[in-house]
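Data first, discussion second: the structure below is written as structure tokens.
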Amino acid sequence: MMLIFGSPGFTQGNTFSLSNSRQNRKGVPVNHVKEQPTRALGLFALSMISVSAIIALRNLPTFAKNGFSVVFFLTFSALLFFIPIALTCAELASGWPKKGGVYAWVKEAFGEKSGTLAVWLEWIESVVWLPAVLAFIASTLAFVVSPELSQHRYFMFTVMLIVLWSGTLLNFFSTKTSGWISAFGIIAGSIIPGIAIISLGAYWIGLGQPIHIEFNTASLMPEFSLSTLSYFTATSLGFAGIEVAAFYVQDTKNPQVTFPRATLIAALTIIVIYMLGSLAVAAVIPKEDMELSSGMMQAMAEFFTFLHIPWATPVFAFLSVLGGLALLNTWLIGPSKGLLASAENENFPKFTRRTNRHGSPIAILLMQGILGTLLISMNLFISTVNQFYWIFQIQAAQLILMVYFLLFISVIRLRYTQPDTPRLYQIPGGKIGLWLVAGIGALFCITAFCLGFIPPKEYRFHNELAFTLVLGAGLILFSAPPFIWQWWRKKAAF
């Protein structure tokens, strides 16, 4: 228990704020400003910061594919991954509260090259993730017009392209503008729809309507095959983003006690929301008919038809699109700012340091838009929308797992190489607690990373070897640029 709740004897000194430094969903500081004294955050506020940074309704259909065993996947992912990475980031952020996030932390532990690799992986993961969230937005938007359009390749491609470049151009302007859009979109497009889908699911089950899942002990446990356990890889992506809360450890009253408790509350809250939301979807939509990108809207259309208010379906779809746009907007600018911090140290070509008068990294944003366009064009060639969605979701998860693995080994190394660096929060339990928390997290990252190469049977990848080779080639291609640039610099120096 001490590993979770920490030591009650810790007394905090003066705290400083990073609150005026906007952060993205992945915890990268944006518009870094001079630290200022602030009123300390309480347990509830810190918990809700974690929840708002992570919850994304687009994950519900993926989780719903597991039926009642989603309880198993979410619980174990929280214990073995979410809580360890939250505590790890809290120690790193409290000891090294520097601009750059993962770049600064990994650099501190292993040097400039490793820090550059970490921030590059974080940025390229957000690019690889774009097709999945854009597919969610496009398929949801289809329900405003005609649900059949969610299966129309050219409609999906056109909408994804328009949304991607609209978001890219928007972020050329002040981050105050994009920040306002994100805040509004999260409330209208995530919180309200989330409450609605859980409430309607409970109402449906309470009335004794037909459901497509079984609630019993046997269905609680998944089939223990490698293809089924690959859902751990997708689940890890659903928990990504806890770095945001880690930056607020500077503003927390008695962080050694408050932060781990807030993490536990956030984990329970996120599990409950994901669990109830995904079970609501699974209850009304058969697993074999469920679309990963539009499964939530399939369920809501079923609910509203049952209630004899079909007009509510496009209204709900519109709100969900707002939520998707808010999430997209945050991911477009946040990791780009993190990459800019590394580029300013000459770790990438000179053109990547170019910004406009608003301080937006326009070169990186353009590079992101071009790569995103190439990736979403694969929708025109991959057999089904589910296959398209799963490939990019898993590839993004593997890339972010590499980042988190670097963070786990960084916190271990820094405890040994810089033991005297002041930390407002420290993973409790001494070095045994450190190795237990960070070691479990690192092992989860390795296991989930490897499981991602095995596709679930329901997505009908007829050539599993080809699927594995595509992911492997993608990892090499997406990870290579920092190494290529370092090689080029050395060659040019001679």
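Going through the structure tokens in order, the chains are called A, B, and so on, while each chain numbers its residues from 1 and the ligands are numbered from 1 in the order shown.
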If we count only C-alpha atoms and set the cut-off at 7 Å, which residues sit around segment 379-396 of chain A, ignoring sequence neighbours fewer than 2 positions away in its own chain? Please answer as a tab-separated table (two decimals) with C-alpha atoms, in the first residue's frame.
```
chain	number	residue	atom	x	y	z
A	125	GLU	CA	3.49	8.79	-33.01
A	128	VAL	CA	0.83	8.04	-37.26
A	129	TRP	CA	-2.16	8.38	-34.94
A	131	PRO	CA	-5.46	8.54	-39.61
A	132	ALA	CA	-7.27	6.86	-36.71
A	153	ARG	CA	-13.81	5.43	-49.23
A	157	PHE	CA	-10.67	10.38	-47.59
A	233	THR	CA	-1.44	-2.81	-27.13
A	234	ALA	CA	-4.54	-0.84	-28.12
A	291	GLU	CA	-16.97	-0.60	-36.81
A	292	LEU	CA	-13.93	0.71	-34.94
A	293	SER	CA	-14.30	4.23	-36.31
A	376	ILE	CA	-4.58	8.74	-44.78
A	377	SER	CA	-4.34	8.05	-48.52
A	398	GLN	CA	3.92	0.79	-30.46
A	399	LEU	CA	5.64	4.12	-31.00
A	400	ILE	CA	4.31	5.65	-27.79
A	452	GLY	CA	0.88	-5.60	-31.36
A	459	TYR	CA	-10.27	-8.00	-38.51
A	471	LEU	CA	4.26	-2.78	-38.83
```
**Prompt:** Hey, what's within 9 Å of segment 66-78 of chain A if we count only C-alpha atoms and toss same-chain stuff fewer than 3 positions away? As JSON, numbers by chain, please?
**Reply:** {"A": [62, 63, 81, 82, 83, 84, 212, 213, 214, 215, 216, 219, 220, 221, 222, 228, 229, 231, 232, 235, 236, 239, 267, 268, 271, 274, 275, 278, 279, 282, 283, 287, 444]}
**Item:** For atom CA of Pro210 of chain A and atom CA of Ala299 of chain A, the interatomic separation in Å (one decimal)
**Value:** 13.2 Å
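Counting only C-alpha atoms, Val403 of chain A has the following residues at most 10 Å away, ignoring those fewer than 3 positions along the same chain: Val102, Tyr103, Val106, Gly115, Leu117, Ala118, Val119, Trp120, Leu121, Glu122, Glu125, Ala397, Gln398, Leu399, Ile400, Leu406, Leu407, Phe408 and Cys445 of chain A.
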